[in-house]
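Coordinates from input38.cif are shown below (mmCIF, N, CA and C atoms and all ligand atoms).
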data_input
#
loop_
_atom_site.label_atom_id
_atom_site.label_comp_id
_atom_site.auth_asym_id
_atom_site.auth_seq_id
_atom_site.Cartn_x
_atom_site.Cartn_y
_atom_site.Cartn_z
N MET A 1 -14.61 25.10 -1.47
CA MET A 1 -15.62 24.09 -1.83
C MET A 1 -17.02 24.60 -1.50
N ASN A 2 -17.88 24.48 -2.43
CA ASN A 2 -19.26 24.91 -2.20
C ASN A 2 -20.11 23.73 -1.73
N THR A 3 -20.64 23.85 -0.53
CA THR A 3 -21.40 22.72 0.03
C THR A 3 -22.89 23.00 0.09
N SER A 4 -23.37 23.75 -0.88
CA SER A 4 -24.80 24.08 -0.86
C SER A 4 -25.63 23.01 -1.54
N THR A 5 -25.64 21.85 -0.91
CA THR A 5 -26.45 20.75 -1.43
C THR A 5 -27.77 20.69 -0.68
N THR A 6 -28.45 21.80 -0.65
CA THR A 6 -29.67 21.87 0.15
C THR A 6 -30.89 21.44 -0.65
N GLU A 7 -31.01 20.16 -0.84
CA GLU A 7 -32.23 19.65 -1.44
C GLU A 7 -33.28 19.52 -0.35
N PRO A 8 -34.53 19.64 -0.72
CA PRO A 8 -35.58 19.49 0.30
C PRO A 8 -35.53 18.11 0.93
N LEU A 9 -35.86 18.06 2.19
CA LEU A 9 -35.93 16.77 2.87
C LEU A 9 -37.17 16.03 2.37
N THR A 10 -37.06 14.71 2.33
CA THR A 10 -38.18 13.91 1.85
C THR A 10 -38.60 12.89 2.91
N VAL A 11 -39.65 12.15 2.62
CA VAL A 11 -40.11 11.13 3.56
C VAL A 11 -39.07 10.02 3.73
N ALA A 12 -38.12 9.96 2.80
CA ALA A 12 -37.08 8.94 2.90
C ALA A 12 -36.01 9.33 3.91
N ASP A 13 -35.99 10.60 4.29
CA ASP A 13 -35.02 11.06 5.29
C ASP A 13 -35.60 10.82 6.68
N ARG A 14 -34.85 10.07 7.47
CA ARG A 14 -35.35 9.65 8.78
C ARG A 14 -34.48 10.17 9.92
N CYS A 15 -35.13 10.47 11.02
CA CYS A 15 -34.42 10.91 12.21
C CYS A 15 -33.41 9.85 12.64
N ASP A 16 -32.18 10.27 12.91
CA ASP A 16 -31.14 9.33 13.33
C ASP A 16 -31.42 8.75 14.71
N ARG A 17 -32.29 9.38 15.46
CA ARG A 17 -32.55 8.93 16.83
C ARG A 17 -33.76 8.02 16.94
N CYS A 18 -34.85 8.37 16.26
CA CYS A 18 -36.08 7.61 16.49
C CYS A 18 -36.68 7.05 15.20
N GLY A 19 -36.15 7.43 14.05
CA GLY A 19 -36.67 6.86 12.81
C GLY A 19 -37.90 7.56 12.26
N ALA A 20 -38.36 8.60 12.94
CA ALA A 20 -39.47 9.38 12.41
C ALA A 20 -39.00 10.19 11.21
N GLN A 21 -39.94 10.72 10.46
CA GLN A 21 -39.54 11.52 9.31
C GLN A 21 -38.70 12.72 9.76
N ALA A 22 -37.60 12.93 9.07
CA ALA A 22 -36.69 14.00 9.44
C ALA A 22 -37.14 15.34 8.86
N TYR A 23 -37.05 16.36 9.67
CA TYR A 23 -37.38 17.71 9.21
C TYR A 23 -36.22 18.67 9.38
N VAL A 24 -35.13 18.15 9.92
CA VAL A 24 -33.95 18.98 10.08
C VAL A 24 -32.72 18.19 9.63
N ARG A 25 -31.94 18.80 8.75
CA ARG A 25 -30.68 18.19 8.32
C ARG A 25 -29.55 19.05 8.88
N VAL A 26 -28.64 18.41 9.55
CA VAL A 26 -27.50 19.13 10.12
C VAL A 26 -26.26 18.71 9.35
N LEU A 27 -25.70 19.67 8.64
CA LEU A 27 -24.51 19.39 7.85
C LEU A 27 -23.29 19.63 8.71
N LEU A 28 -22.47 18.59 8.84
CA LEU A 28 -21.23 18.69 9.61
C LEU A 28 -20.05 18.61 8.66
N SER A 29 -18.87 18.95 9.14
CA SER A 29 -17.69 18.86 8.28
C SER A 29 -17.41 17.41 7.90
N GLU A 30 -17.91 16.48 8.70
CA GLU A 30 -17.66 15.06 8.43
C GLU A 30 -18.94 14.27 8.26
N GLY A 31 -19.87 14.81 7.52
CA GLY A 31 -21.10 14.08 7.28
C GLY A 31 -22.32 14.89 7.64
N GLU A 32 -23.41 14.21 7.83
CA GLU A 32 -24.61 14.93 8.17
C GLU A 32 -25.51 14.11 9.08
N LEU A 33 -26.38 14.82 9.78
CA LEU A 33 -27.30 14.18 10.71
C LEU A 33 -28.71 14.56 10.31
N PHE A 34 -29.64 13.68 10.62
CA PHE A 34 -31.04 13.99 10.37
C PHE A 34 -31.81 13.87 11.67
N PHE A 35 -32.70 14.81 11.89
CA PHE A 35 -33.49 14.77 13.11
C PHE A 35 -34.94 15.11 12.81
N CYS A 36 -35.83 14.51 13.56
CA CYS A 36 -37.22 14.96 13.55
C CYS A 36 -37.27 16.27 14.35
N ALA A 37 -38.40 16.93 14.36
CA ALA A 37 -38.49 18.23 15.03
C ALA A 37 -38.16 18.09 16.52
N HIS A 38 -38.65 17.02 17.11
CA HIS A 38 -38.45 16.80 18.53
C HIS A 38 -36.96 16.66 18.86
N HIS A 39 -36.28 15.78 18.13
CA HIS A 39 -34.87 15.53 18.43
C HIS A 39 -33.98 16.66 17.94
N ALA A 40 -34.41 17.39 16.94
CA ALA A 40 -33.63 18.55 16.51
C ALA A 40 -33.51 19.54 17.66
N ARG A 41 -34.62 19.74 18.34
CA ARG A 41 -34.59 20.68 19.46
C ARG A 41 -33.84 20.09 20.64
N ALA A 42 -34.01 18.78 20.86
CA ALA A 42 -33.35 18.12 21.99
C ALA A 42 -31.84 18.15 21.84
N HIS A 43 -31.35 18.04 20.59
CA HIS A 43 -29.91 17.93 20.38
C HIS A 43 -29.28 19.22 19.87
N ALA A 44 -30.07 20.25 19.74
CA ALA A 44 -29.55 21.52 19.22
C ALA A 44 -28.29 21.99 19.95
N PRO A 45 -28.26 21.93 21.28
CA PRO A 45 -27.05 22.39 21.98
C PRO A 45 -25.81 21.60 21.58
N ALA A 46 -25.99 20.34 21.18
CA ALA A 46 -24.85 19.50 20.85
C ALA A 46 -24.31 19.79 19.45
N TYR A 47 -25.18 20.14 18.52
CA TYR A 47 -24.68 20.32 17.15
C TYR A 47 -24.55 21.77 16.72
N GLU A 48 -25.17 22.68 17.44
CA GLU A 48 -25.16 24.08 17.02
C GLU A 48 -23.75 24.64 16.80
N ASP A 49 -22.84 24.27 17.70
CA ASP A 49 -21.50 24.83 17.62
C ASP A 49 -20.63 24.20 16.52
N VAL A 50 -20.98 22.98 16.13
CA VAL A 50 -20.14 22.28 15.17
C VAL A 50 -20.77 22.19 13.78
N ALA A 51 -22.03 22.55 13.67
CA ALA A 51 -22.73 22.42 12.40
C ALA A 51 -22.19 23.42 11.37
N VAL A 52 -21.98 22.93 10.16
CA VAL A 52 -21.60 23.80 9.05
C VAL A 52 -22.85 24.54 8.57
N GLU A 53 -23.94 23.80 8.59
CA GLU A 53 -25.20 24.36 8.12
C GLU A 53 -26.34 23.57 8.74
N VAL A 54 -27.40 24.25 9.06
CA VAL A 54 -28.58 23.58 9.58
C VAL A 54 -29.75 23.90 8.67
N GLN A 55 -30.29 22.84 8.09
CA GLN A 55 -31.44 23.00 7.20
C GLN A 55 -32.68 22.64 8.00
N ASP A 56 -33.43 23.62 8.34
CA ASP A 56 -34.58 23.43 9.23
C ASP A 56 -35.88 23.53 8.44
N GLU A 57 -36.57 22.41 8.32
CA GLU A 57 -37.84 22.42 7.58
C GLU A 57 -39.00 22.12 8.50
N THR A 58 -38.85 22.46 9.76
CA THR A 58 -39.92 22.16 10.71
C THR A 58 -41.17 22.99 10.44
N GLU A 59 -41.02 24.05 9.66
CA GLU A 59 -42.21 24.83 9.29
C GLU A 59 -43.17 23.98 8.49
N LYS A 60 -42.59 23.08 7.67
CA LYS A 60 -43.41 22.17 6.88
C LYS A 60 -44.28 21.32 7.79
N LEU A 61 -43.66 20.87 8.88
CA LEU A 61 -44.36 20.03 9.84
C LEU A 61 -45.52 20.81 10.44
N LEU A 62 -45.25 22.03 10.78
CA LEU A 62 -46.29 22.91 11.31
C LEU A 62 -47.43 23.06 10.31
N ALA A 63 -47.05 23.27 9.06
CA ALA A 63 -48.04 23.49 8.02
C ALA A 63 -48.92 22.26 7.84
N GLU A 64 -48.29 21.07 7.98
CA GLU A 64 -49.03 19.84 7.72
C GLU A 64 -49.82 19.34 8.92
N TYR A 65 -49.24 19.49 10.10
CA TYR A 65 -49.86 18.87 11.26
C TYR A 65 -50.29 19.84 12.35
N GLY A 66 -49.92 21.11 12.20
CA GLY A 66 -50.29 22.08 13.22
C GLY A 66 -49.34 22.10 14.38
N ALA A 67 -49.56 23.00 15.30
CA ALA A 67 -48.63 23.24 16.40
C ALA A 67 -48.46 22.01 17.29
N GLY A 68 -49.46 21.13 17.33
CA GLY A 68 -49.39 19.97 18.19
C GLY A 68 -48.24 19.05 17.84
N ALA A 69 -47.78 19.09 16.58
CA ALA A 69 -46.71 18.21 16.15
C ALA A 69 -45.35 18.70 16.64
N MET A 70 -45.29 19.88 17.18
CA MET A 70 -44.00 20.46 17.57
C MET A 70 -43.59 20.11 18.99
N ARG A 71 -44.37 19.31 19.67
CA ARG A 71 -44.03 19.01 21.05
C ARG A 71 -42.72 18.28 21.16
ZN ZN B 101 -36.48 11.80 16.41
#
Represent the structure of the file as structure tokens.
Ligand SMILES: [Zn+2]
Amino acid sequence: MNTSTTEPLTVADRCDRCGAQAYVRVLLSEGELFFCAHHARAHAPAYEDVAVEVQDETEKLLAEYGAGAMR
């Protein structure tokens, strides 16, 4: 099965933890998770080992808001 459904994240994609705009999509064998840059980093240890694919668009955040948004 080809699971390359990597469409760009949009403003409609929200962090599962805080509801901020999501910049990281974590594809799992049983669904997917969305995280903002902050929570993506906070939860990386939890999903890194089980993720099928991690779509990281935090560069976009950097481009739009600068390094200050990466805290
Ligand atoms: Zn968040």
Query raised in the report: Got a sec to check which residues lie within 7 Å of ligand ZN 101 (chain B), using only C-alpha atoms and all ligand atoms, and send them as a VMD selection string?
Result: chain A and resid 15 to 20 35 to 39
Write the residues of the selection above to a file with N, CA and C atoms, as an mmCIF file, in the coordinates of the input.
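result02.cif, written as the output of this step:
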data_model
loop_
_atom_site.group_PDB
_atom_site.id
_atom_site.type_symbol
_atom_site.label_atom_id
_atom_site.label_comp_id
_atom_site.auth_asym_id
_atom_site.auth_seq_id
_atom_site.Cartn_x
_atom_site.Cartn_y
_atom_site.Cartn_z
ATOM 1 N N CYS A 15 -35.130 10.470 11.020
ATOM 2 C CA CYS A 15 -34.420 10.910 12.210
ATOM 3 C C CYS A 15 -33.410 9.850 12.640
ATOM 4 N N ASP A 16 -32.180 10.270 12.910
ATOM 5 C CA ASP A 16 -31.140 9.330 13.330
ATOM 6 C C ASP A 16 -31.420 8.750 14.710
ATOM 7 N N ARG A 17 -32.290 9.380 15.460
ATOM 8 C CA ARG A 17 -32.550 8.930 16.830
ATOM 9 C C ARG A 17 -33.760 8.020 16.940
ATOM 10 N N CYS A 18 -34.850 8.370 16.260
ATOM 11 C CA CYS A 18 -36.080 7.610 16.490
ATOM 12 C C CYS A 18 -36.680 7.050 15.200
ATOM 13 N N GLY A 19 -36.150 7.430 14.050
ATOM 14 C CA GLY A 19 -36.670 6.860 12.810
ATOM 15 C C GLY A 19 -37.900 7.560 12.260
ATOM 16 N N ALA A 20 -38.360 8.600 12.940
ATOM 17 C CA ALA A 20 -39.470 9.380 12.410
ATOM 18 C C ALA A 20 -39.000 10.190 11.210
ATOM 19 N N PHE A 35 -32.700 14.810 11.890
ATOM 20 C CA PHE A 35 -33.490 14.770 13.110
ATOM 21 C C PHE A 35 -34.940 15.110 12.810
ATOM 22 N N CYS A 36 -35.830 14.510 13.560
ATOM 23 C CA CYS A 36 -37.220 14.960 13.550
ATOM 24 C C CYS A 36 -37.270 16.270 14.350
ATOM 25 N N ALA A 37 -38.400 16.930 14.360
ATOM 26 C CA ALA A 37 -38.490 18.230 15.030
ATOM 27 C C ALA A 37 -38.160 18.090 16.520
ATOM 28 N N HIS A 38 -38.650 17.020 17.110
ATOM 29 C CA HIS A 38 -38.450 16.800 18.530
ATOM 30 C C HIS A 38 -36.960 16.660 18.860
ATOM 31 N N HIS A 39 -36.280 15.780 18.130
ATOM 32 C CA HIS A 39 -34.870 15.530 18.430
ATOM 33 C C HIS A 39 -33.980 16.660 17.940
#
Query raised in the report: So which one's closest to Phe34 in chain A, A:Val11, A:Leu61, A:Gln21, A:Glu53? Using only N, CA and C atoms, please.
Result: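 Closest candidate: A:Gln21.
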Query raised in the report: chain A: which residues are helix (DSSP H, G or I) by DSSP, as number ranges by chain?
Result: A: 37-47, 58-65, 67-70
Report task. Determine the nearest neighbour of Arg14 in chain A from the options A:Ala51, A:Ala44, A:Leu33, A:Thr58, counting only C-alpha atoms. Result -> A:Leu33
Report task. Report the distance between CA of Val50 in chain A and CA of Ala22 in chain A in Å, rounded to one decimal place. Result ->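 These two atoms are separated by 19.4 Å.
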Report task. Find the distance between atom N of Asp49 in chain A and CA of Leu62 in chain A and write it in Å to one decimal. Result ->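 Between atom N of Asp49 in chain A and CA of Leu62 in chain A the gap works out to 24.3 Å.
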Query raised in the report: With all atoms listed in the file as the basis for distance, which of A:Ala46, A:Leu9, A:Ala40, A:Val52 is at the shortest distance from Leu27 in chain A?
Result: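 Nearest to Leu27 in chain A: A:Val52.
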**Report entry** Length of the CA of Tyr23 in chain A to CA of Asp56 in chain A vector [Å]
**Finding:**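 Between CA of Tyr23 in chain A and CA of Asp56 in chain A the gap is 6.4 Å.
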